[in-house]
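Asks: So here's structure_33.cif, just mmCIF, C-alpha atoms:
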```
data_structure
loop_
_atom_site.label_atom_id
_atom_site.label_comp_id
_atom_site.auth_asym_id
_atom_site.auth_seq_id
_atom_site.Cartn_x
_atom_site.Cartn_y
_atom_site.Cartn_z
CA MET H 1 0.00 0.00 0.00
CA ALA H 2 2.86 2.37 0.81
CA ARG H 3 4.31 1.87 -2.68
CA ASP H 4 0.91 2.48 -4.23
CA GLU H 5 0.52 5.72 -2.31
CA LEU H 6 4.01 6.79 -3.34
CA GLU H 7 3.27 6.14 -7.02
CA TRP H 8 0.01 8.11 -6.92
CA GLY H 9 1.86 10.83 -5.05
CA ASP H 10 4.32 10.93 -7.94
CA VAL H 11 1.38 11.34 -10.35
CA LEU H 12 0.11 14.41 -8.52
CA THR H 13 3.61 15.82 -8.18
CA ALA H 14 4.21 15.43 -11.91
CA LEU H 15 0.86 17.05 -12.76
CA THR H 16 1.60 20.03 -10.55
CA ASP H 17 5.17 20.46 -11.76
CA ARG H 18 4.40 20.15 -15.47
CA SER H 19 1.24 22.27 -15.32
CA HIS H 20 3.29 25.44 -14.80
CA LEU H 21 4.53 25.43 -18.40
CA VAL H 22 1.94 23.42 -20.36
CA VAL H 23 -0.30 25.23 -22.86
CA GLY H 24 -4.04 24.63 -22.83
CA GLU H 25 -4.21 22.24 -25.76
CA GLY H 26 -1.47 20.12 -24.20
CA LEU H 27 -3.44 19.22 -21.06
CA SER H 28 -4.84 15.89 -22.26
CA ALA H 29 -1.48 14.72 -23.62
CA MET H 30 0.20 15.73 -20.37
CA VAL H 31 -2.14 13.83 -18.04
CA ASP H 32 -2.28 10.84 -20.41
CA GLU H 33 1.49 10.49 -20.33
CA ILE H 34 1.64 10.87 -16.54
CA VAL H 35 -1.01 8.24 -15.70
CA ALA H 36 0.11 5.70 -18.31
CA PRO H 37 2.38 3.84 -15.80
CA ARG H 38 -0.72 3.31 -13.64
CA GLY H 39 -2.44 1.39 -16.47
CA LEU H 40 -4.65 4.32 -17.46
CA ARG H 41 -5.19 6.37 -20.59
CA ALA H 42 -6.66 9.81 -20.03
CA ASP H 43 -8.42 12.60 -21.87
CA VAL H 44 -9.74 15.91 -20.50
CA LEU H 45 -13.05 17.16 -21.92
CA LEU H 46 -14.31 20.68 -21.23
CA ALA H 47 -17.97 21.74 -21.24
CA ASP H 48 -19.03 24.66 -23.41
CA LEU H 49 -20.75 27.70 -21.88
CA GLY H 50 -24.11 26.43 -23.11
CA GLN H 51 -23.49 23.07 -21.39
CA GLU H 52 -24.46 21.25 -24.57
CA VAL H 53 -21.26 19.39 -25.51
CA LEU H 54 -18.01 18.13 -24.00
CA THR H 55 -14.88 18.59 -26.11
CA SER H 56 -11.40 17.13 -25.70
CA VAL H 57 -8.54 19.55 -25.19
CA ARG H 58 -6.22 17.47 -27.37
CA ALA H 59 -4.49 19.30 -30.20
CA ASP H 60 -6.34 17.06 -32.68
CA PRO H 61 -9.57 16.25 -30.80
CA PRO H 62 -12.23 13.68 -31.68
CA PRO H 63 -15.79 14.92 -32.28
CA PRO H 64 -17.50 16.52 -29.26
CA VAL H 65 -19.69 14.39 -27.01
CA ALA H 66 -23.23 15.59 -26.31
CA VAL H 67 -24.23 16.29 -22.72
CA GLU H 68 -27.68 14.83 -23.35
CA GLY H 69 -27.95 11.09 -23.94
CA THR H 70 -24.36 9.98 -23.36
CA LEU H 71 -22.42 8.41 -20.52
CA ALA H 72 -20.01 11.33 -20.44
CA GLY H 73 -22.99 13.68 -20.21
CA ARG H 74 -24.47 11.68 -17.38
CA ALA H 75 -21.23 12.03 -15.41
CA PHE H 76 -21.31 15.78 -16.06
CA GLN H 77 -25.00 16.28 -15.25
CA HIS H 78 -25.19 14.19 -12.09
CA GLY H 79 -21.66 14.59 -10.77
CA GLU H 80 -21.13 10.84 -10.57
CA PHE H 81 -18.72 8.22 -11.85
CA VAL H 82 -20.10 6.43 -14.90
CA SER H 83 -18.69 3.18 -16.30
CA GLY H 84 -18.78 2.15 -19.95
CA PHE H 85 -16.99 0.28 -22.72
CA THR H 86 -15.39 1.19 -26.00
CA ASP H 87 -16.59 -0.60 -29.15
CA ASP H 88 -13.81 -3.16 -28.77
CA GLY H 89 -14.63 -3.90 -25.12
CA ARG H 90 -12.10 -1.76 -23.24
CA ARG H 91 -13.33 -0.35 -19.94
CA ILE H 92 -14.01 3.37 -19.67
CA LEU H 93 -14.55 5.45 -16.55
CA TRP H 94 -16.06 8.90 -16.91
CA VAL H 95 -15.15 11.10 -13.95
CA PRO H 96 -16.81 14.50 -13.26
CA MET H 97 -14.29 17.34 -13.33
CA LEU H 98 -14.87 20.38 -11.13
CA ASP H 99 -13.01 23.61 -10.55
CA GLY H 100 -13.98 24.06 -6.92
CA THR H 101 -17.67 23.29 -7.37
CA GLU H 102 -17.95 24.76 -10.90
CA ARG H 103 -18.70 21.99 -13.42
CA ALA H 104 -15.76 22.24 -15.81
CA GLY H 105 -16.22 18.99 -17.75
CA VAL H 106 -15.22 15.35 -17.38
CA VAL H 107 -12.08 13.22 -17.44
CA ARG H 108 -12.21 10.10 -19.60
CA LEU H 109 -10.10 7.26 -18.23
CA GLU H 110 -9.48 4.04 -20.11
CA LEU H 111 -8.54 1.15 -17.79
CA ALA H 112 -6.02 -1.58 -18.68
CA ASP H 113 -7.14 -5.18 -18.13
CA ASP H 114 -5.15 -5.57 -14.91
CA VAL H 115 -6.47 -2.36 -13.30
CA VAL H 116 -9.03 -3.05 -10.59
CA ASP H 117 -11.98 -0.65 -10.60
CA ASP H 118 -12.49 -0.39 -6.84
CA LEU H 119 -13.14 2.26 -4.23
CA GLU H 120 -9.44 3.08 -3.85
CA LEU H 121 -8.98 3.64 -7.59
CA ARG H 122 -12.01 5.89 -7.78
CA ARG H 123 -10.81 7.96 -4.87
CA ARG H 124 -7.50 8.45 -6.69
CA CYS H 125 -9.29 9.29 -9.94
CA TRP H 126 -11.48 11.82 -8.14
CA THR H 127 -8.38 13.57 -6.81
CA LEU H 128 -6.85 13.44 -10.30
CA SER H 129 -9.91 15.04 -11.91
CA GLY H 130 -9.98 17.74 -9.21
CA VAL H 131 -6.40 18.71 -9.93
CA MET H 132 -7.09 18.75 -13.67
CA GLY H 133 -10.20 20.90 -13.18
CA HIS H 134 -8.17 23.56 -11.39
CA ILE H 135 -5.40 23.40 -13.99
CA ALA H 136 -7.73 23.52 -17.00
CA ILE H 137 -9.73 26.54 -15.82
CA GLY H 138 -6.51 28.19 -14.67
CA LYS H 139 -5.26 28.03 -18.28
CA LEU H 140 -8.45 29.61 -19.66
CA PRO H 141 -7.21 33.25 -19.65
CA TYR H 142 -4.10 32.25 -21.60
CA SER H 143 -5.53 29.92 -24.26
CA ASP H 144 -7.72 30.88 -27.21
CA ARG H 145 -7.96 27.17 -27.97
CA ILE H 146 -9.72 26.51 -24.65
CA ARG H 147 -11.87 29.61 -25.10
CA ARG H 148 -13.08 28.29 -28.46
CA ILE H 149 -13.99 25.01 -26.77
CA ARG H 150 -15.89 26.94 -24.14
CA ALA H 151 -17.66 29.03 -26.80
CA PRO H 152 -18.01 26.98 -30.01
CA ARG H 153 -20.39 29.64 -31.31
CA PRO H 154 -18.51 32.97 -31.51
CA LEU H 155 -19.42 35.45 -28.80
CA SER H 156 -20.76 38.89 -29.61
CA VAL H 157 -18.65 41.75 -28.27
CA ALA H 158 -21.25 42.41 -25.56
CA ALA H 159 -21.25 38.74 -24.54
CA GLU H 160 -17.44 38.74 -24.46
CA LEU H 161 -17.56 41.73 -22.11
CA LEU H 162 -20.07 40.17 -19.73
CA TRP H 163 -18.48 36.70 -19.57
CA GLN H 164 -15.18 38.36 -18.66
CA LEU H 165 -17.01 40.22 -15.88
CA VAL H 166 -19.11 37.58 -14.11
CA PRO H 167 -17.70 35.11 -11.55
CA PRO H 168 -17.78 31.32 -12.11
CA ARG H 169 -21.29 29.96 -12.43
CA THR H 170 -21.20 27.84 -9.27
CA PHE H 171 -19.69 28.23 -5.82
CA ALA H 172 -20.46 26.28 -2.66
CA THR H 173 -19.41 25.92 0.94
CA GLU H 174 -20.75 23.63 3.62
CA ASN H 175 -23.68 25.97 4.29
CA VAL H 176 -24.51 27.71 1.01
CA VAL H 177 -24.67 27.05 -2.74
CA VAL H 178 -24.76 29.83 -5.35
CA THR H 179 -25.23 28.97 -9.01
CA ALA H 180 -26.13 31.09 -12.05
CA LEU H 181 -26.34 31.13 -15.82
CA LEU H 182 -26.69 33.54 -18.71
CA GLU H 183 -28.54 32.74 -21.95
CA PRO H 184 -28.13 32.90 -24.85
CA TYR H 185 -24.50 32.54 -23.88
CA ASP H 186 -23.15 33.77 -27.22
CA GLN H 187 -25.44 36.79 -27.64
CA VAL H 188 -26.19 37.93 -24.09
CA ALA H 189 -25.97 41.71 -24.00
CA GLY H 190 -27.47 43.41 -20.96
CA ASP H 191 -27.91 40.68 -18.34
CA GLY H 192 -25.39 39.86 -15.65
CA TYR H 193 -24.93 38.53 -12.15
CA ASP H 194 -22.47 38.81 -9.30
CA TYR H 195 -21.84 37.14 -5.96
CA VAL H 196 -19.27 36.80 -3.23
CA VAL H 197 -19.23 34.48 -0.20
CA ASP H 198 -17.28 35.24 2.96
CA ALA H 199 -17.24 33.40 6.28
CA GLY H 200 -20.49 34.84 7.59
CA THR H 201 -22.30 36.37 4.62
CA ALA H 202 -23.20 35.76 0.99
CA TYR H 203 -23.86 38.68 -1.35
CA VAL H 204 -25.71 37.98 -4.63
CA ALA H 205 -27.13 40.19 -7.36
CA VAL H 206 -28.73 39.96 -10.79
CA PHE H 207 -28.80 42.74 -13.39
CA ASP H 208 -30.69 43.49 -16.60
CA GLY H 209 -29.55 46.43 -18.73
CA VAL H 210 -32.21 47.99 -20.91
CA GLY H 211 -31.69 47.15 -24.59
CA HIS H 212 -29.94 44.32 -26.37
CA ASP H 213 -26.71 45.77 -27.66
CA LEU H 214 -23.20 46.71 -26.59
CA ALA H 215 -24.49 49.84 -24.86
CA ALA H 216 -26.72 47.67 -22.65
CA GLY H 217 -23.76 45.44 -21.81
CA SER H 218 -21.60 48.46 -21.04
CA ALA H 219 -24.23 49.89 -18.70
CA THR H 220 -24.53 46.57 -16.88
CA ALA H 221 -20.75 46.22 -16.68
CA LEU H 222 -20.51 49.69 -15.17
CA ALA H 223 -23.24 48.97 -12.60
CA VAL H 224 -21.65 45.66 -11.58
CA SER H 225 -18.16 47.19 -11.39
CA ALA H 226 -19.29 50.22 -9.39
CA ILE H 227 -21.09 48.05 -6.82
CA ARG H 228 -18.24 45.55 -6.69
CA ASN H 229 -15.72 48.35 -6.15
CA ALA H 230 -17.77 49.87 -3.32
CA ARG H 231 -18.29 46.47 -1.73
CA ARG H 232 -14.57 45.79 -1.78
CA ARG H 233 -14.00 49.12 -0.04
CA GLY H 234 -16.12 47.83 2.82
CA VAL H 235 -19.58 49.21 1.92
CA GLU H 236 -22.21 46.70 3.08
CA ASP H 237 -25.50 48.61 3.04
CA LEU H 238 -27.44 47.64 -0.10
CA ALA H 239 -28.90 51.12 -0.57
CA GLU H 240 -25.42 52.64 -0.48
CA LEU H 241 -24.23 50.08 -3.05
CA ALA H 242 -27.12 50.94 -5.36
CA ALA H 243 -26.45 54.66 -4.88
CA GLU H 244 -22.82 54.10 -5.91
CA ALA H 245 -24.03 52.55 -9.17
CA ASP H 246 -26.31 55.56 -9.72
CA VAL H 247 -23.46 58.01 -9.23
CA GLN H 248 -21.04 56.20 -11.53
CA MET H 249 -23.60 55.57 -14.28
CA GLN H 250 -24.79 59.16 -14.29
CA ALA H 251 -21.22 60.47 -14.24
CA ALA H 252 -20.41 58.29 -17.25
CA GLY H 253 -23.34 59.73 -19.16
CA THR H 254 -25.14 56.42 -19.66
CA ARG H 255 -28.56 58.05 -19.25
CA PRO H 256 -31.20 57.39 -20.47
CA ARG H 257 -29.70 53.91 -20.22
CA PHE H 258 -30.57 52.17 -16.97
CA VAL H 259 -30.17 48.76 -15.37
CA THR H 260 -32.73 46.88 -13.31
CA ALA H 261 -31.35 44.75 -10.48
CA VAL H 262 -31.90 42.83 -7.28
CA LEU H 263 -29.18 43.11 -4.64
CA ALA H 264 -29.26 40.75 -1.66
CA ARG H 265 -27.10 39.86 1.33
CA LEU H 266 -27.63 36.68 3.36
CA ASP H 267 -26.45 36.24 6.94
CA LEU H 268 -25.21 32.65 6.85
CA VAL H 269 -25.60 32.29 10.62
CA THR H 270 -29.08 33.68 11.23
CA GLY H 271 -30.71 33.26 7.80
CA GLU H 272 -31.65 36.94 7.51
CA LEU H 273 -31.77 37.90 3.82
CA ARG H 274 -31.76 41.65 3.22
CA TYR H 275 -32.67 42.70 -0.31
CA LEU H 276 -33.23 45.71 -2.53
CA VAL H 277 -35.30 45.55 -5.73
CA ALA H 278 -34.39 48.16 -8.34
CA GLY H 279 -37.08 47.96 -11.00
CA HIS H 280 -36.56 44.20 -11.39
CA PRO H 281 -38.80 41.14 -10.91
CA PRO H 282 -38.58 40.10 -7.23
CA PRO H 283 -37.02 36.73 -6.41
CA LEU H 284 -38.96 33.58 -5.52
CA LEU H 285 -38.68 31.61 -2.28
CA LEU H 286 -38.98 27.82 -2.30
CA ARG H 287 -39.35 26.03 1.03
CA ARG H 288 -39.43 22.23 1.18
CA GLY H 289 -39.87 22.22 -2.58
CA HIS H 290 -42.85 24.60 -2.70
CA LEU H 291 -43.30 28.29 -3.42
CA ILE H 292 -44.21 30.46 -0.44
CA GLU H 293 -45.25 34.10 -0.32
CA ALA H 294 -42.21 36.33 0.18
CA PHE H 295 -40.33 39.33 -1.22
CA GLY H 296 -43.35 41.58 -1.28
CA ALA H 297 -41.49 44.88 -1.00
CA ALA H 298 -42.37 47.43 -3.67
CA PRO H 299 -39.62 47.79 -6.27
CA GLY H 300 -37.65 51.02 -6.42
CA LEU H 301 -36.24 52.81 -9.43
CA PRO H 302 -33.67 51.04 -11.66
CA LEU H 303 -29.98 51.74 -11.24
CA GLY H 304 -28.77 54.87 -12.98
CA VAL H 305 -31.90 57.00 -12.61
CA GLY H 306 -33.62 58.95 -9.83
CA ASN H 307 -32.55 59.94 -6.35
CA ARG H 308 -31.54 56.80 -4.48
CA ALA H 309 -31.64 58.54 -1.09
CA GLU H 310 -35.38 59.08 -1.51
CA ASP H 311 -36.19 55.85 -3.31
CA ALA H 312 -34.11 53.17 -1.59
CA GLN H 313 -36.01 50.51 0.32
CA VAL H 314 -34.05 47.68 1.87
CA SER H 315 -36.31 44.88 3.11
CA ALA H 316 -35.70 41.55 4.81
CA GLU H 317 -36.88 37.95 4.72
CA TRP H 318 -35.93 35.27 7.22
CA LEU H 319 -34.89 32.02 5.59
CA GLU H 320 -35.21 28.57 7.09
CA PRO H 321 -32.56 25.87 6.62
CA ASP H 322 -32.67 24.33 3.11
CA ASP H 323 -34.61 27.28 1.63
CA ARG H 324 -33.90 28.10 -1.99
CA VAL H 325 -34.14 31.63 -3.42
CA VAL H 326 -34.49 31.97 -7.19
CA PHE H 327 -33.49 35.24 -8.88
CA TYR H 328 -34.37 35.72 -12.55
CA SER H 329 -34.72 38.27 -15.32
CA ASP H 330 -37.82 38.80 -17.43
CA GLY H 331 -36.14 37.01 -20.33
CA ILE H 332 -37.20 33.82 -18.53
CA THR H 333 -40.82 34.51 -17.65
CA GLU H 334 -41.58 36.56 -20.78
CA ALA H 335 -40.17 34.05 -23.26
CA ARG H 336 -42.96 33.48 -25.83
CA ASP H 337 -43.79 30.36 -27.82
CA ALA H 338 -45.00 30.37 -31.44
CA ASP H 339 -48.54 31.20 -30.27
CA GLY H 340 -47.39 34.14 -28.17
CA HIS H 341 -47.84 32.42 -24.80
CA PHE H 342 -45.45 33.48 -22.04
CA PHE H 343 -43.27 30.91 -20.30
CA GLY H 344 -44.51 32.49 -17.08
CA GLU H 345 -43.60 32.47 -13.43
CA ARG H 346 -45.82 29.48 -12.64
CA ARG H 347 -43.95 27.23 -15.06
CA LEU H 348 -40.62 28.43 -13.66
CA VAL H 349 -41.83 27.53 -10.16
CA ASP H 350 -43.15 24.14 -11.27
CA LEU H 351 -39.80 23.20 -12.79
CA CYS H 352 -37.92 24.33 -9.68
CA GLU H 353 -40.27 22.32 -7.47
CA ARG H 354 -39.88 19.22 -9.63
CA ALA H 355 -36.08 19.48 -9.59
CA GLU H 356 -36.11 19.83 -5.81
CA LEU H 357 -38.26 16.72 -5.40
CA ASP H 358 -35.96 14.82 -7.77
CA GLU H 359 -32.95 15.96 -5.69
CA VAL H 360 -31.25 17.47 -8.73
CA SER H 361 -28.26 19.70 -7.99
CA ALA H 362 -28.68 23.46 -8.27
CA PRO H 363 -26.49 23.91 -11.41
CA GLU H 364 -28.19 20.99 -13.15
CA THR H 365 -31.58 22.48 -12.26
CA LEU H 366 -30.60 25.72 -14.00
CA ARG H 367 -29.24 23.87 -17.04
CA ARG H 368 -32.54 22.03 -17.44
CA LEU H 369 -34.54 25.18 -16.87
CA ALA H 370 -32.61 27.00 -19.59
CA ALA H 371 -33.14 24.10 -22.00
CA THR H 372 -36.88 24.15 -21.30
CA VAL H 373 -37.10 27.91 -21.84
CA LEU H 374 -35.23 27.54 -25.13
CA GLU H 375 -37.56 24.75 -26.22
CA HIS H 376 -40.57 26.90 -25.32
CA GLN H 377 -39.26 29.66 -27.60
CA GLY H 378 -38.35 27.40 -30.48
CA GLY H 379 -34.63 27.22 -29.67
CA VAL H 380 -33.94 30.96 -29.97
CA LEU H 381 -34.33 33.36 -27.06
CA GLN H 382 -35.65 36.78 -28.04
CA ASP H 383 -34.20 38.43 -24.91
CA ASP H 384 -31.39 37.86 -22.44
CA ALA H 385 -32.25 35.41 -19.67
CA THR H 386 -30.56 35.18 -16.28
CA LEU H 387 -31.14 32.69 -13.48
CA LEU H 388 -29.42 32.60 -10.10
CA MET H 389 -30.14 30.23 -7.23
CA LEU H 390 -29.13 30.74 -3.63
CA ASP H 391 -29.47 27.67 -1.40
CA TRP H 392 -29.05 28.16 2.35
CA SER H 393 -28.36 24.53 3.12
CA THR H 394 -25.85 22.29 4.87
CA THR H 395 -26.52 19.49 2.37
CA GLY H 396 -26.81 21.30 -0.97
CA HIS H 397 -23.09 20.96 -1.67
CA GLU H 398 -23.36 17.17 -1.41
CA ARG H 399 -25.30 17.06 -4.69
CA LEU H 400 -22.36 18.72 -6.43
CA LEU H 401 -19.81 16.06 -5.43
CA PRO H 402 -19.80 12.34 -6.32
CA SER H 403 -20.46 9.71 -3.72
CA VAL H 404 -17.47 7.53 -4.54
CA ALA H 405 -18.64 4.64 -2.34
CA ARG H 406 -22.06 4.55 -3.99
CA ASP H 407 -20.58 4.53 -7.47
CA THR H 408 -18.21 1.57 -7.03
CA GLU H 409 -20.83 -1.15 -7.46
CA ALA H 410 -19.57 -2.22 -10.85
CA GLY H 411 -20.89 -5.80 -10.77
CA PRO H 412 -18.94 -9.01 -11.41
CA PRO H 413 -15.93 -8.99 -13.76
CA GLY H 414 -16.84 -9.04 -17.43
CA ARG H 415 -20.39 -7.83 -16.88
CA ARG H 416 -21.31 -4.80 -18.95
CA PRO H 417 -22.63 -2.03 -16.67
CA GLU H 418 -26.09 -0.66 -17.22
CA GLN H 419 -26.13 2.02 -19.92
CA VAL H 420 -28.15 5.18 -20.10
CA PRO H 421 -31.16 4.37 -22.32
CA GLY H 422 -30.33 5.28 -25.87
CA ALA H 423 -26.81 6.44 -24.98
CA ALA H 424 -23.64 5.55 -26.81
CA ALA H 425 -20.47 5.25 -24.78
CA GLU H 426 -18.66 7.81 -26.86
CA GLY H 427 -21.26 8.96 -29.37
CA PHE H 428 -22.08 12.47 -30.46
CA ARG H 429 -25.57 13.76 -31.00
CA THR H 430 -26.14 17.22 -32.38
CA PRO H 431 -28.07 19.24 -29.76
CA SER H 432 -31.56 20.34 -30.71
CA ARG H 433 -30.53 23.97 -30.37
#
```
Can you turn what I pasted into structure tokens?

Replies:
Amino acid sequence: MARDELEWGDVLTALTDRSHLVVGEGLSAMVDEIVAPRGLRADVLLADLGQEVLTSVRADPPPPVAVEGTLAGRAFQHGEFVSGFTDDGRRILWVPMLDGTERAGVVRLELADDVVDDLELRRRCWTLSGVMGHIAIGKLPYSDRIRRIRAPRPLSVAAELLWQLVPPRTFATENVVVTALLEPYDQVAGDGYDYVVDAGTAYVAVFDGVGHDLAAGSATALAVSAIRNARRRGVEDLAELAAEADVQMQAAGTRPRFVTAVLARLDLVTGELRYLVAGHPPPLLLRRGHLIEAFGAAPGLPLGVGNRAEDAQVSAEWLEPDDRVVFYSDGITEARDADGHFFGERRLVDLCERAELDEVSAPETLRRLAATVLEHQGGVLQDDATLLMLDWSTTGHERLLPSVARDTEAGPPGRRPEQVPGAAAEGFRTPSR
């Protein structure tokens, strides 16, 4: 056992040492070479911003693998180990790959005949994928190759601006989960979100700049940056943060441009959630999987207009353990189908309730919600759409991480593990969108 630990220690040492100088498209070749003495072949696959496909970071990659209907996609969606076989019978292990708790992609591991797929191996592979998740996302600012994988459809200039601005889509600690998304990822213009989690508090916000062009994105970027700057100077009062956005936007001459927003700060000890609504749809509160009446404060003026000293109204709700707060922009509820019917708040709530009952993780809930909204609108959103979930829970983070012990029941040797219905081990299906 000591020798085994030493050899796996050498693997992690080699990954860390070589990662300092490797370029993005060399990540798969690097990890493949390092784990080969352990009887493994490896490939790193990154998810795109739309969470539709998983693409290898090899210099000459195979076709992308769809998130829907494949074993690799199942590992990504559910955060679990998934076993499979190649066409010629070689064993494959798909391992979820996270950067912190942000779903970065999956690691594909091919097992030699003499490698035992047991709990110990999966623990080692989980550590391996965690290291690779940090390395891969760490290379993102320096690699256009990885950026093209992340955005296979070219981003508009406004979308480029906003994706550079927003934090990672998912962050979790042992008592809170924050997850968000922006759609359509390649054309988003005025929507945005922000959050930060410290030891005792979580700050979250969603924004919607009026219009659907670069000017809308610039106004949103200015509002987010002004509030973020004030917050980092130690300003905590939500009304003062909103007033800072007003001052900076008016000084920059963005009027009549304005940005609607919801700013909120959660006390992670007491559950007090203070919030300010600036011309934006109020959030929703789900408790034990059902919508309850909350957030009834009258909305104030959007950011960038009016006198905040006269208009500001900071209100409070008291959360209970395991409550979920859903923030959204009107691009969700006002999405229209071919007959002109709105997607609506009720359908948004129904989908959130169903996901909660099915014990789906927060980021997977948002991915499915976005797919449903797109389907409702015929695959093309007519407006930006933002969703952000805040879970005050001591168990929410568990849905983001694989239960290695649960996933080691591989059955007797030679038995083919159960496949996802209709899924190919390595197939590619073109997404409906």

Asks: Please produce, as CSV, a per-residue contact table for segment 183-256 of chain H versus segment 318-329 of chain H (criterion: any atom at most 9 Å away, all atoms listed in the file considered), showing the nearest atom pair and its distance in Å to one decimal, sorted by chain then residue number.

Replies:
```
residue,atom,partner,partner_atom,distance
H:Asp191,CA,H:Ser329,CA,7.8
H:Ala205,CA,H:Phe327,CA,8.2
H:Val206,CA,H:Phe327,CA,7.0
H:Phe207,CA,H:Ser329,CA,7.7
H:Asp208,CA,H:Ser329,CA,6.7
```

Asks: Have a look at atom CA of Ala298 of chain H and atom CA of Ala180 of chain H and let me know their distance in Å, one decimal.

Replies: 24.5 Å

Asks: Taking the file above as input, evaluate the PyMOL selection byres ((chain H and resi 136-138) around 9) and report the hits as a list in words.

Replies: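 For this structure, the PyMOL selection byres ((chain H and resi 136-138) around 9) resolves to Gly24, Leu27, Val44, Leu46, Asp99, Ala104, Val131, Met132, Gly133, His134, Ile135, Lys139, Leu140, Pro141, Tyr142 and Ile146 of chain H.
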
Asks: Emit the selected residues as a PDB file, in the frame of the given file, including C-alpha atoms.

Replies:
```pdb
ATOM      1  CA  GLY H  24      -4.040  24.630 -22.830  1.00  0.00           C
ATOM      2  CA  LEU H  27      -3.440  19.220 -21.060  1.00  0.00           C
ATOM      3  CA  VAL H  44      -9.740  15.910 -20.500  1.00  0.00           C
ATOM      4  CA  LEU H  46     -14.310  20.680 -21.230  1.00  0.00           C
ATOM      5  CA  ASP H  99     -13.010  23.610 -10.550  1.00  0.00           C
ATOM      6  CA  ALA H 104     -15.760  22.240 -15.810  1.00  0.00           C
ATOM      7  CA  VAL H 131      -6.400  18.710  -9.930  1.00  0.00           C
ATOM      8  CA  MET H 132      -7.090  18.750 -13.670  1.00  0.00           C
ATOM      9  CA  GLY H 133     -10.200  20.900 -13.180  1.00  0.00           C
ATOM     10  CA  HIS H 134      -8.170  23.560 -11.390  1.00  0.00           C
ATOM     11  CA  ILE H 135      -5.400  23.400 -13.990  1.00  0.00           C
ATOM     12  CA  LYS H 139      -5.260  28.030 -18.280  1.00  0.00           C
ATOM     13  CA  LEU H 140      -8.450  29.610 -19.660  1.00  0.00           C
ATOM     14  CA  PRO H 141      -7.210  33.250 -19.650  1.00  0.00           C
ATOM     15  CA  TYR H 142      -4.100  32.250 -21.600  1.00  0.00           C
ATOM     16  CA  ILE H 146      -9.720  26.510 -24.650  1.00  0.00           C
TER      17      ILE H 146
END
```

Asks: Name all residues at most 12 Å from Leu40 of chain H (count only C-alpha atoms; drop same-chain ones fewer than 2 positions away) and give them as JSON, numbers by chain.

Replies: {"H": [11, 31, 32, 33, 34, 35, 36, 37, 38, 42, 43, 90, 91, 92, 93, 107, 108, 109, 110, 111, 112, 113, 114, 115, 116, 117, 121, 124, 125, 128]}

Asks: Could you give me, as a PyMOL selection string, the residues within 9 Å of Pro154 of chain H, counting only C-alpha atoms and dropping anything in the same chain fewer than 4 positions from it?

Replies: chain H and resi 148+186-187

Asks: Skipping near chain neighbours, those fewer than 3 positions away, what residues fall within 9 Å of Val262 of chain H using all atoms listed in the file, listed as a PyMOL selection string?

Replies: chain H and resi 204-207+275-283+327

Asks: List as a PyMOL selection string the protein and nucleic acid residues near Gly211 of chain H, meaning an atom at most 9 Å away when only C-alpha atoms are counted, but skip any in the same chain fewer than 6 places from it.

Replies: chain H and resi 189-190+217+257

Asks: Between atom CA of Leu214 of chain H and atom CA of Val53 of chain H, measure the distance and give it in Å to one decimal.

Replies: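 Separation of atom CA of Leu214 of chain H and atom CA of Val53 of chain H: 27.4 Å.
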
Asks: List every residue of segment 73-101 of chain H that has an atom at most 10 Å from any atom of segment 397-400 of chain H, giving for each one its closest atom pair and the distance in Å to one decimal, counting all atoms listed in the file, sorted by chain and then by ascending residue number, as a Markdown table.

Replies:
```
| residue | atom | partner | partner_atom | distance |
| --- | --- | --- | --- | --- |
| H:Gln77 | CA | H:Leu400 | CA | 9.5 |
| H:His78 | CA | H:Leu400 | CA | 7.8 |
| H:Gly79 | CA | H:Leu400 | CA | 6.0 |
| H:Glu80 | CA | H:Leu400 | CA | 9.0 |
| H:Pro96 | CA | H:Leu400 | CA | 9.8 |
| H:Leu98 | CA | H:Leu400 | CA | 9.0 |
| H:Gly100 | CA | H:Leu400 | CA | 9.9 |
| H:Thr101 | CA | H:Leu400 | CA | 6.6 |
```

Asks: Evaluate the PyMOL selection byres ((chain H and resi 225-240) around 8) against this structure - the residues, as a PyMOL selection string, please.

Replies: chain H and resi 221-224+241-245+248+263-265+275-276+308-309+312-314

Asks: To one decimal in Å, tell me the separation between atom CA of Thr179 of chain H and atom CA of Arg123 of chain H.

Replies: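 It comes out at 25.8 Å.
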